[in-house]
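J.: Below is the file entry-v9.tsv, with TSV, C-alpha atoms.
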chain	number	residue	atom	x	y	z
P	287	MET	CA	47.88	71.56	1.57
P	288	ARG	CA	44.71	70.32	3.27
P	289	ASN	CA	41.30	71.60	2.22
P	290	GLY	CA	38.70	72.70	4.81
P	291	GLN	CA	37.00	69.32	5.13
P	292	GLU	CA	40.30	67.48	5.60
P	293	THR	CA	41.38	69.94	8.29
P	294	ARG	CA	38.02	69.58	10.04
P	295	ASP	CA	38.32	65.77	10.00
P	296	MET	CA	41.90	65.93	11.29
P	297	ILE	CA	40.83	68.18	14.20
P	298	ILE	CA	38.05	65.73	15.09
P	299	ARG	CA	40.32	62.67	14.93
P	300	ARG	CA	43.10	64.14	17.06
P	301	SER	CA	40.68	65.73	19.54
P	302	ALA	CA	38.91	62.39	19.96
P	303	GLU	CA	42.19	60.83	21.13
P	304	LEU	CA	43.08	63.84	23.27
P	305	PHE	CA	39.67	63.94	25.00
P	306	ASN	CA	39.61	60.16	25.44
P	307	SER	CA	42.99	60.30	27.20
P	308	ALA	CA	42.89	63.53	29.22
P	309	GLY	CA	39.12	64.05	29.47
P	310	TYR	CA	37.04	66.94	28.16
P	311	SER	CA	37.53	69.06	31.28
P	312	GLY	CA	41.19	68.07	31.36
P	313	SER	CA	41.83	69.32	27.80
P	314	SER	CA	42.11	73.02	27.06
P	315	ILE	CA	41.96	74.69	23.66
P	316	SER	CA	45.76	75.01	23.97
P	317	ASP	CA	45.93	71.22	24.21
P	318	VAL	CA	43.77	70.94	21.07
P	319	MET	CA	46.15	73.42	19.37
P	320	ALA	CA	49.16	71.30	20.38
P	321	ALA	CA	47.46	68.08	19.22
P	322	THR	CA	46.48	69.51	15.83
P	323	GLY	CA	49.35	71.91	15.17
P	324	LEU	CA	46.78	74.65	14.46
P	325	LYS	CA	46.37	78.13	15.89
P	326	LYS	CA	43.26	79.02	17.90
P	327	GLY	CA	41.64	80.72	14.89
P	328	GLY	CA	42.19	77.62	12.77
P	329	ILE	CA	40.18	75.56	15.25
P	330	TYR	CA	37.38	78.09	15.83
P	331	ARG	CA	36.98	78.43	12.04
P	332	HIS	CA	35.54	74.89	12.13
P	333	PHE	CA	33.95	74.65	15.58
P	334	GLN	CA	32.14	77.32	17.55
P	335	SER	CA	33.25	76.00	20.94
P	336	LYS	CA	35.12	73.23	22.73
P	337	ASP	CA	31.72	71.73	23.56
P	338	GLU	CA	30.74	71.49	19.88
P	339	LEU	CA	34.09	69.85	19.12
P	340	ALA	CA	33.63	67.48	22.08
P	341	LEU	CA	30.29	66.23	20.73
P	342	GLU	CA	31.71	65.63	17.23
P	343	ALA	CA	34.85	63.99	18.62
P	344	PHE	CA	32.72	61.61	20.69
P	345	ASP	CA	30.66	60.68	17.60
P	346	HIS	CA	33.88	59.96	15.73
P	347	ALA	CA	35.23	57.78	18.56
P	348	VAL	CA	31.96	55.82	18.58
P	349	ASP	CA	32.19	55.36	14.79
P	350	VAL	CA	35.68	53.87	15.18
P	351	MET	CA	34.54	51.50	17.92
P	352	ARG	CA	31.38	50.47	16.02
P	353	ARG	CA	33.56	49.42	13.08
P	354	VAL	CA	35.95	47.51	15.35
P	355	TYR	CA	33.08	45.62	17.05
P	356	ARG	CA	31.27	44.78	13.81
P	357	GLU	CA	34.53	43.46	12.36
P	358	ALA	CA	35.23	41.41	15.49
P	359	ALA	CA	31.82	39.70	15.13
P	360	ALA	CA	31.91	39.27	11.35
P	361	GLY	CA	32.55	35.83	9.92
P	362	ARG	CA	32.33	34.06	13.28
P	363	ALA	CA	30.58	30.72	13.05
P	364	SER	CA	28.49	30.84	16.25
P	365	ALA	CA	26.90	33.33	18.64
P	366	THR	CA	29.43	32.29	21.34
P	367	GLU	CA	32.30	32.99	18.96
P	368	LYS	CA	30.78	36.38	18.11
P	369	LEU	CA	30.48	37.34	21.78
P	370	LEU	CA	34.03	36.19	22.50
P	371	GLY	CA	35.30	38.08	19.45
P	372	VAL	CA	33.58	41.33	20.39
P	373	LEU	CA	34.45	41.08	24.10
P	374	SER	CA	38.13	40.42	23.43
P	375	VAL	CA	38.76	43.60	21.46
P	376	TYR	CA	40.97	45.01	24.25
P	377	ARG	CA	42.93	41.79	24.87
P	378	ASN	CA	46.66	42.33	24.30
P	379	ARG	CA	46.08	45.95	23.42
P	380	ILE	CA	44.96	47.67	26.61
P	381	THR	CA	47.96	49.98	26.31
P	382	ASN	CA	47.30	50.46	22.58
P	383	PRO	CA	43.50	50.49	22.21
P	384	PRO	CA	41.49	51.27	19.02
P	385	VAL	CA	40.94	54.82	20.28
P	386	LYS	CA	43.91	56.04	22.35
P	387	GLY	CA	42.90	56.45	26.02
P	388	GLY	CA	40.64	53.39	26.36
P	389	CYS	CA	36.90	52.92	25.81
P	390	PRO	CA	35.24	56.23	24.83
P	391	LEU	CA	31.84	55.10	26.15
P	392	LEU	CA	33.29	54.25	29.56
P	393	ASN	CA	35.47	57.36	29.81
P	394	THR	CA	32.74	59.73	28.63
P	395	ALA	CA	30.07	58.05	30.79
P	396	ILE	CA	32.21	58.60	33.90
P	397	GLU	CA	33.06	62.19	33.02
P	398	SER	CA	29.62	63.28	31.82
P	399	ASP	CA	27.22	61.63	34.26
P	400	ASP	CA	27.18	64.43	36.83
P	401	THR	CA	28.24	67.36	34.67
P	402	HIS	CA	27.62	67.36	30.88
P	403	PRO	CA	23.96	66.59	30.03
P	404	GLN	CA	24.46	66.85	26.23
P	405	LEU	CA	27.41	64.46	26.22
P	406	ASN	CA	25.62	62.20	28.70
P	407	ARG	CA	22.68	61.88	26.26
P	408	LYS	CA	25.09	60.93	23.48
P	409	VAL	CA	26.71	58.25	25.66
P	410	ARG	CA	23.30	56.83	26.58
P	411	SER	CA	22.36	56.61	22.93
P	412	ALA	CA	25.68	54.93	22.02
P	413	MET	CA	25.26	52.53	24.96
P	414	ASP	CA	21.68	51.75	23.85
P	415	GLU	CA	23.05	50.84	20.43
P	416	TRP	CA	25.76	48.65	21.97
P	417	LEU	CA	23.28	46.86	24.24
P	418	SER	CA	21.00	46.18	21.23
P	419	PHE	CA	23.99	44.78	19.35
P	420	ILE	CA	24.83	42.37	22.20
P	421	GLU	CA	21.15	41.47	22.69
P	422	GLY	CA	20.95	40.67	18.96
P	423	ILE	CA	23.81	38.17	19.26
P	424	LEU	CA	22.18	36.64	22.35
P	425	ARG	CA	18.84	36.22	20.50
P	426	GLU	CA	20.68	34.67	17.56
P	427	GLY	CA	22.20	32.12	19.98
P	428	ILE	CA	18.78	31.35	21.46
P	429	ALA	CA	17.27	30.90	17.98
P	430	SER	CA	20.05	28.51	16.96
P	431	GLY	CA	19.65	26.48	20.17
P	432	GLU	CA	23.14	27.46	21.29
P	433	PHE	CA	22.00	29.52	24.33
P	434	LYS	CA	19.41	28.73	27.00
P	435	ALA	CA	15.88	29.35	25.69
P	436	ASP	CA	14.81	31.20	28.86
P	437	LEU	CA	17.83	33.53	28.92
P	438	ASN	CA	17.04	37.01	30.24
P	439	VAL	CA	18.56	38.78	27.27
P	440	SER	CA	18.64	42.35	28.63
P	441	GLU	CA	20.05	41.20	32.00
P	442	VAL	CA	22.81	39.18	30.37
P	443	ALA	CA	23.66	42.08	28.02
P	444	VAL	CA	23.99	44.46	30.99
P	445	PHE	CA	26.14	41.98	32.94
P	446	LEU	CA	28.41	41.27	29.96
P	447	THR	CA	28.78	45.01	29.34
P	448	SER	CA	29.49	45.78	32.99
P	449	ALA	CA	32.21	43.13	33.23
P	450	PHE	CA	33.69	44.19	29.87
P	451	GLU	CA	33.87	47.91	30.69
P	452	GLY	CA	35.07	47.22	34.23
P	453	SER	CA	37.89	45.05	32.89
P	454	ILE	CA	39.01	47.87	30.58
P	455	MET	CA	39.11	50.17	33.62
P	456	MET	CA	41.21	47.59	35.53
P	457	GLY	CA	43.64	46.99	32.66
P	458	LYS	CA	44.09	50.72	32.07
P	459	LEU	CA	44.48	51.43	35.79
P	460	TYR	CA	47.41	49.01	36.06
P	461	ALA	CA	48.51	49.46	32.40
P	462	ASP	CA	48.63	45.66	32.30
P	463	ASN	CA	47.05	43.30	29.76
P	464	HIS	CA	47.02	40.53	32.38
P	465	TYR	CA	43.82	41.94	33.94
P	466	LEU	CA	42.11	41.51	30.56
P	467	GLU	CA	43.25	37.88	30.41
P	468	MET	CA	41.84	37.20	33.88
P	469	TYR	CA	38.53	38.79	32.89
P	470	TYR	CA	38.46	36.82	29.63
P	471	SER	CA	39.07	33.52	31.35
P	472	GLN	CA	36.13	34.04	33.75
P	473	LEU	CA	33.96	35.41	30.92
P	474	GLN	CA	34.35	32.06	29.17
P	475	ARG	CA	33.22	30.27	32.34
P	476	TYR	CA	30.23	32.57	32.72
P	477	LEU	CA	29.16	31.95	29.11
P	478	LEU	CA	29.66	28.19	29.46
P	479	ASN	CA	27.78	27.83	32.76
P	480	CYS	CA	25.20	30.62	32.71
P	481	VAL	CA	24.43	31.37	29.04
P	482	LYS	CA	25.03	28.25	26.91
P	483	GLN	CA	22.54	25.37	26.76
H	37	MET	CA	33.37	78.68	65.37
H	38	ARG	CA	35.40	75.85	63.89
H	39	ASN	CA	39.02	75.29	64.87
H	40	GLY	CA	41.72	74.66	62.28
H	41	GLN	CA	41.45	70.88	62.30
H	42	GLU	CA	37.66	70.96	61.90
H	43	THR	CA	37.93	73.38	58.99
H	44	ARG	CA	40.57	71.19	57.35
H	45	ASP	CA	38.36	68.10	57.72
H	46	MET	CA	35.35	69.96	56.32
H	47	ILE	CA	37.36	71.06	53.25
H	48	ILE	CA	38.46	67.46	52.66
H	49	ARG	CA	34.93	66.04	53.04
H	50	ARG	CA	33.26	68.52	50.71
H	51	SER	CA	36.09	68.41	48.16
H	52	ALA	CA	35.87	64.61	48.08
H	53	GLU	CA	32.21	64.85	46.97
H	54	LEU	CA	32.95	67.69	44.54
H	55	PHE	CA	35.90	65.87	42.91
H	56	ASN	CA	33.98	62.57	42.79
H	57	SER	CA	31.12	64.28	40.94
H	58	ALA	CA	32.81	66.79	38.65
H	59	GLY	CA	36.31	65.27	38.45
H	60	TYR	CA	39.61	66.81	39.55
H	61	SER	CA	40.20	68.57	36.23
H	62	GLY	CA	36.56	69.63	36.16
H	63	SER	CA	36.75	71.32	39.58
H	64	SER	CA	38.43	74.69	39.98
H	65	ILE	CA	39.50	76.34	43.23
H	66	SER	CA	36.39	78.55	42.79
H	67	ASP	CA	34.30	75.37	42.89
H	68	VAL	CA	36.08	74.31	46.09
H	69	MET	CA	35.38	77.79	47.51
H	70	ALA	CA	31.68	77.45	46.61
H	71	ALA	CA	31.50	73.94	48.10
H	72	THR	CA	33.16	74.97	51.37
H	73	GLY	CA	31.94	78.56	51.75
H	74	LEU	CA	35.57	79.62	52.26
H	75	LYS	CA	37.68	82.24	50.54
H	76	LYS	CA	40.75	81.21	48.55
H	77	GLY	CA	43.09	82.11	51.42
H	78	GLY	CA	41.06	79.94	53.80
H	79	ILE	CA	41.67	76.94	51.58
H	80	TYR	CA	45.36	77.60	50.84
H	81	ARG	CA	45.98	78.01	54.60
H	82	HIS	CA	45.40	74.26	54.85
H	83	PHE	CA	46.54	72.92	51.46
H	84	GLN	CA	49.42	74.08	49.30
H	85	SER	CA	47.71	73.22	46.02
H	86	LYS	CA	44.61	71.65	44.45
H	87	ASP	CA	46.74	68.55	43.85
H	88	GLU	CA	47.56	68.18	47.53
H	89	LEU	CA	43.85	68.57	48.37
H	90	ALA	CA	42.96	66.04	45.64
H	91	LEU	CA	45.22	63.39	47.18
H	92	GLU	CA	43.77	63.92	50.67
H	93	ALA	CA	40.21	64.01	49.36
H	94	PHE	CA	40.76	60.69	47.58
H	95	ASP	CA	42.13	59.13	50.79
H	96	HIS	CA	39.03	60.33	52.63
H	97	ALA	CA	36.67	58.90	49.97
H	98	VAL	CA	38.49	55.55	50.20
H	99	ASP	CA	38.14	55.62	54.02
H	100	VAL	CA	34.37	56.10	53.68
H	101	MET	CA	34.05	53.25	51.18
H	102	ARG	CA	36.29	50.94	53.24
H	103	ARG	CA	33.96	51.41	56.22
H	104	VAL	CA	30.85	50.81	54.06
H	105	TYR	CA	32.30	47.57	52.62
H	106	ARG	CA	33.51	46.20	55.96
H	107	GLU	CA	30.08	46.89	57.45
H	108	ALA	CA	28.34	45.22	54.48
H	109	ALA	CA	30.39	42.05	55.08
H	110	ALA	CA	30.18	42.06	58.88
H	111	GLY	CA	27.89	39.59	60.59
H	112	ARG	CA	27.09	37.66	57.41
H	113	ALA	CA	26.88	33.92	57.99
H	114	SER	CA	28.66	32.66	54.85
H	115	ALA	CA	31.25	33.77	52.28
H	116	THR	CA	28.49	33.92	49.63
H	117	GLU	CA	26.43	36.21	51.85
H	118	LYS	CA	29.51	38.40	52.45
H	119	LEU	CA	30.17	38.74	48.71
H	120	LEU	CA	26.52	39.52	47.98
H	121	GLY	CA	26.46	42.05	50.82
H	122	VAL	CA	29.59	43.86	49.66
H	123	LEU	CA	28.63	43.77	45.96
H	124	SER	CA	25.15	45.17	46.58
H	125	VAL	CA	26.29	48.36	48.26
H	126	TYR	CA	25.07	50.46	45.30
H	127	ARG	CA	21.72	48.66	44.91
H	128	ASN	CA	18.81	51.08	45.35
H	129	ARG	CA	21.19	53.94	45.90
H	130	ILE	CA	22.97	54.57	42.61
H	131	THR	CA	21.58	58.12	42.63
H	132	ASN	CA	22.48	58.51	46.30
H	133	PRO	CA	25.76	56.61	46.77
H	134	PRO	CA	27.94	56.52	49.92
H	135	VAL	CA	30.23	59.16	48.39
H	136	LYS	CA	28.26	61.54	46.13
H	137	GLY	CA	29.25	61.06	42.48
H	138	GLY	CA	29.60	57.26	42.47
H	139	CYS	CA	32.58	54.98	43.13
H	140	PRO	CA	35.72	57.03	43.87
H	141	LEU	CA	38.02	54.19	42.73
H	142	LEU	CA	36.25	53.90	39.38
H	143	ASN	CA	35.99	57.66	38.80
H	144	THR	CA	39.56	58.37	39.83
H	145	ALA	CA	40.94	55.38	37.89
H	146	ILE	CA	39.31	56.67	34.69
H	147	GLU	CA	40.45	60.24	35.23
H	148	SER	CA	43.99	59.52	36.41
H	149	ASP	CA	45.13	56.64	34.17
H	150	ASP	CA	46.56	58.79	31.38
H	151	THR	CA	47.21	62.02	33.25
H	152	HIS	CA	47.82	62.04	37.03
H	153	PRO	CA	50.58	59.59	38.03
H	154	GLN	CA	50.39	60.41	41.76
H	155	LEU	CA	46.63	59.88	41.94
H	156	ASN	CA	46.95	56.81	39.73
H	157	ARG	CA	49.37	55.27	42.26
H	158	LYS	CA	46.87	55.94	45.04
H	159	VAL	CA	44.05	54.28	43.08
H	160	ARG	CA	46.24	51.24	42.37
H	161	SER	CA	47.01	50.91	46.04
H	162	ALA	CA	43.31	51.25	47.02
H	163	MET	CA	42.36	48.72	44.31
H	164	ASP	CA	45.07	46.32	45.58
H	165	GLU	CA	43.52	46.55	49.04
H	166	TRP	CA	40.00	45.94	47.63
H	167	LEU	CA	41.17	42.93	45.59
H	168	SER	CA	42.84	41.46	48.70
H	169	PHE	CA	39.61	41.97	50.63
H	170	ILE	CA	37.57	40.09	47.98
H	171	GLU	CA	40.25	37.38	47.66
H	172	GLY	CA	40.10	36.95	51.46
H	173	ILE	CA	36.36	36.25	51.31
H	174	LEU	CA	36.91	33.82	48.41
H	175	ARG	CA	39.59	31.94	50.37
H	176	GLU	CA	37.30	31.80	53.39
H	177	GLY	CA	34.63	30.20	51.17
H	178	ILE	CA	37.12	27.65	49.87
H	179	ALA	CA	38.26	26.80	53.39
H	180	SER	CA	34.66	26.26	54.55
H	181	GLY	CA	33.88	24.04	51.54
H	182	GLU	CA	31.36	26.58	50.25
H	183	PHE	CA	33.36	27.47	47.08
H	184	LYS	CA	35.11	25.24	44.55
H	185	ALA	CA	38.47	24.07	45.88
H	186	ASP	CA	40.27	24.80	42.60
H	187	LEU	CA	38.88	28.35	42.26
H	188	ASN	CA	41.31	30.78	40.65
H	189	VAL	CA	41.00	33.34	43.42
H	190	SER	CA	42.72	36.29	41.73
H	191	GLU	CA	40.84	35.75	38.46
H	192	VAL	CA	37.47	35.60	40.18
H	193	ALA	CA	38.28	38.71	42.24
H	194	VAL	CA	39.16	40.64	39.06
H	195	PHE	CA	36.00	39.46	37.29
H	196	LEU	CA	33.75	40.29	40.26
H	197	THR	CA	35.38	43.73	40.54
H	198	SER	CA	35.07	44.42	36.81
H	199	ALA	CA	31.37	43.54	36.74
H	200	PHE	CA	30.74	45.50	39.95
H	201	GLU	CA	32.47	48.70	38.81
H	202	GLY	CA	31.00	48.40	35.31
H	203	SER	CA	27.51	48.13	36.77
H	204	ILE	CA	28.04	51.31	38.79
H	205	MET	CA	29.07	53.06	35.56
H	206	MET	CA	25.90	51.75	33.83
H	207	GLY	CA	23.57	52.75	36.67
H	208	LYS	CA	25.12	56.21	36.92
H	209	LEU	CA	25.06	56.69	33.15
H	210	TYR	CA	21.29	56.11	33.02
H	211	ALA	CA	20.65	57.39	36.59
H	212	ASP	CA	18.62	54.22	37.04
H	213	ASN	CA	18.80	51.62	39.81
H	214	HIS	CA	17.37	49.00	37.46
H	215	TYR	CA	20.79	48.43	35.87
H	216	LEU	CA	22.12	47.48	39.30
H	217	GLU	CA	19.27	44.99	39.74
H	218	MET	CA	20.05	43.37	36.40
H	219	TYR	CA	23.73	43.12	37.31
H	220	TYR	CA	22.87	41.69	40.74
H	221	SER	CA	20.60	39.01	39.31
H	222	GLN	CA	23.33	37.75	36.95
H	223	LEU	CA	25.96	38.06	39.69
H	224	GLN	CA	23.95	35.55	41.73
H	225	ARG	CA	23.92	33.18	38.75
H	226	TYR	CA	27.65	33.56	38.25
H	227	LEU	CA	28.33	32.80	41.93
H	228	LEU	CA	25.96	29.83	41.90
H	229	ASN	CA	27.31	28.26	38.70
H	230	CYS	CA	30.96	29.32	38.56
H	231	VAL	CA	32.10	29.89	42.17
H	232	LYS	CA	30.05	27.72	44.53
H	233	GLN	CA	30.71	24.02	45.03
Can I see the file as structure tokens?
T.:
Amino acid sequence: MRNGQETRDMIIRRSAELFNSAGYSGSSISDVMAATGLKKGGIYRHFQSKDELALEAFDHAVDVMRRVYREAAAGRASATEKLLGVLSVYRNRITNPPVKGGCPLLNTAIESDDTHPQLNRKVRSAMDEWLSFIEGILREGIASGEFKADLNVSEVAVFLTSAFEGSIMMGKLYADNHYLEMYYSQLQRYLLNCVKQ
Amino acid sequence: MRNGQETRDMIIRRSAELFNSAGYSGSSISDVMAATGLKKGGIYRHFQSKDELALEAFDHAVDVMRRVYREAAAGRASATEKLLGVLSVYRNRITNPPVKGGCPLLNTAIESDDTHPQLNRKVRSAMDEWLSFIEGILREGIASGEFKADLNVSEVAVFLTSAFEGSIMMGKLYADNHYLEMYYSQLQRYLLNCVKQ
């Protein structure tokens, strides 16, 4: 028998995967009931509305991804290795990503930009954090002499992020890891010729 | 007074913008009624279901974008200029894009990948056409000696597309053209150092 907190956490975890796959608008409370095995009352005991659940589910998805990215960078010897580690998180697992449905930042950005201001603010804040993380690795590489000293750190972070998120979209669209391999191969060239000393 | 064909075309045009902004799942028939000024019967006279309308609206959005891209490439002197022309279509207009709501391929890819197999097939086919278009420009640049002879054409096309679509997501997320400028600046470096002879 689960206690209240465990049930709440289970609802958040399963809703995060549901919303990341079918979208917030595309998921009804009936879908949340099916995903959690709970009745409507069991869900509304913990969350006042689908919107409140959506915001918590997004936070949870971001927590999962933050852990995955930090782990992918940890213990790497150089800034280049850190970037390659972080930016290869979807390689070989585009059909089985860390959070089912693909990248929660990408999916929620696309869904929220014209319609959900509260969610949109949350995605911006998560994207700000991500961009700072990438910029930190870039500055580390400049400090160690690994990257060009005059690198435009914010520009490179935006370009790396754009190509990374776009490649996840491509791989998911075709349900084919090969698109991630093609992206990764050119990413290495870009780093070698445009970022490294 | 509009005739039947004009009314049908108007429904498709306005639905394309509605769906591209709010998503297919996020748009109800009431939203289509509000966008077109028609009653429910006036819409169902022309389309059997929201799904049928969604497929036609997507085709229309792709037609608009195809025209925009062909025009952006036309009359450019070199393959590099063609690529830069096509890949700068959203510069300075991320908040006022050719089809309201952003890139229909990107938006529909994200929404359909886990949920709408028919739409997903249509996006794949439109993306195949786009990739062939970019590959054609790359091959032209190889033939003219402008691009590296040993360029991996399909890899570069996937990378260019990923970065392009990702930058549209970023610009839309922050409702800020500056993200497109940052992308464009690094795109030029990538072309110069990884694609050009």
J.: Sorted by chain and rising residue number, list the residues of chain H at most 8 Å from chain P (counting all atoms listed in the file), each with its closest atom pair and distance in Å to one decimal, as CSV.
T.:
residue,atom,partner,partner_atom,distance
H:Ser57,CA,P:Asp400,CA,5.7
H:Ala58,CA,P:Thr401,CA,6.1
H:Gly59,CA,P:Glu397,CA,7.0
H:Ser61,CA,P:Gly312,CA,5.0
H:Gly62,CA,P:Ser311,CA,5.0
H:Gly137,CA,P:Asp400,CA,6.9
H:Leu142,CA,P:Met455,CA,7.4
H:Asn143,CA,P:Ile396,CA,6.3
H:Ala145,CA,P:Leu459,CA,5.7
H:Ile146,CA,P:Asn393,CA,6.2
H:Glu147,CA,P:Gly309,CA,7.0
H:Asp149,CA,P:Leu459,CA,5.5
H:Asp150,CA,P:Ser307,CA,5.7
H:Thr151,CA,P:Ala308,CA,6.1
H:Asn156,CA,P:Leu459,CA,7.1
H:Val159,CA,P:Leu459,CA,7.8
H:Arg160,CA,P:Tyr460,CA,6.8
H:Ser190,CA,P:Met468,CA,8.0
H:Glu191,CA,P:Met468,CA,4.9
H:Val192,CA,P:Gln472,CA,6.8
H:Val194,CA,P:Tyr469,CA,6.5
H:Phe195,CA,P:Tyr469,CA,5.1
H:Leu196,CA,P:Ala449,CA,7.7
H:Thr197,CA,P:Gly452,CA,7.2
H:Ser198,CA,P:Gly452,CA,3.8
H:Ala199,CA,P:Ala449,CA,3.6
H:Phe200,CA,P:Ser448,CA,7.1
H:Glu201,CA,P:Gly452,CA,5.5
H:Gly202,CA,P:Ser448,CA,3.8
H:Ser203,CA,P:Ser448,CA,4.9
H:Met205,CA,P:Ile396,CA,6.6
H:Met206,CA,P:Ser448,CA,7.0
H:Lys208,CA,P:Asp399,CA,6.4
H:Leu209,CA,P:Asp399,CA,5.5
H:Tyr210,CA,P:Arg410,CA,6.8
H:Tyr215,CA,P:Val444,CA,7.1
H:Met218,CA,P:Glu441,CA,4.9
H:Tyr219,CA,P:Phe445,CA,5.1
H:Ser221,CA,P:Glu441,CA,7.7
H:Gln222,CA,P:Phe445,CA,6.5
H:Leu223,CA,P:Phe445,CA,7.8
H:Arg225,CA,P:Cys480,CA,6.7
H:Tyr226,CA,P:Tyr476,CA,6.2
H:Asn229,CA,P:Asn479,CA,6.0
H:Cys230,CA,P:Arg475,CA,6.7
J.: Could you give me the centre and size, in Å to one decimal, of an axis-aligned box around all listed atoms of region 349-352 of chain P with 5 Å added on every side, as AutoDock Vina command-line options?
T.:
--center_x 33.5 --center_y 52.9 --center_z 16.4 --size_x 14.3 --size_y 14.9 --size_z 13.1
J.: Just the number, please: distance in Å from CA of Ser314 (chain P) to CA of Arg300 (chain P), one decimal.
T.: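 That distance, rounded to one decimal, is 13.4 Å.
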J.: If we count all atoms listed in the file, what is near Ile48 (chain H) at a cut-off of 12 Å, once residues fewer than 4 positions away on the same chain are taken out, given as a list in words?
T.: Gln41, Glu42, Thr43, Arg44, Ala52, Glu53, Leu54, Phe55, Asn56, Val68, Met69, Ala71, Thr72, Ile79, His82, Phe83, Lys86, Glu88, Leu89, Ala90, Leu91, Glu92, Ala93, Phe94, Asp95, His96, Ala97 and Asp99 of chain H
J.: Between H:Ser168, H:Ser124, H:Val135, H:Glu117, single out the one closest to Lys232 (chain H), counting all atoms listed in the file.
T.: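 Going through H:Ser168, H:Ser124, H:Val135, H:Glu117 one by one, the smallest distance to Lys232 (chain H) is for H:Glu117.
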J.: May I ask for the distance between CA of Gln404 (chain P) and CA of Pro140 (chain H), given in Å to one decimal place?
T.: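 We find that CA of Gln404 (chain P) and CA of Pro140 (chain H) lie 23.1 Å from each other.
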J.: Report, in Å with one decimal, the straight-line distance from CA of Ser301 (chain P) to CA of Phe419 (chain P).
T.: 26.8 Å
J.: For a quick check of understanding, using all atoms listed in the file, which of H:Gln224, H:Asp164, H:Leu155, H:Glu171 has the smallest distance to Asp87 (chain H)?
T.: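 Using all atoms listed in the file, Asp87 (chain H) sits closest to H:Leu155.
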J.: Mind checking which residues fall within 9 Å of Glu432 (chain P), counting all atoms listed in the file, ignoring those fewer than 3 positions away in the same chain, and posting them as a ChimeraX atom specification?
T.: /P:364-366,426-429,435,481-483
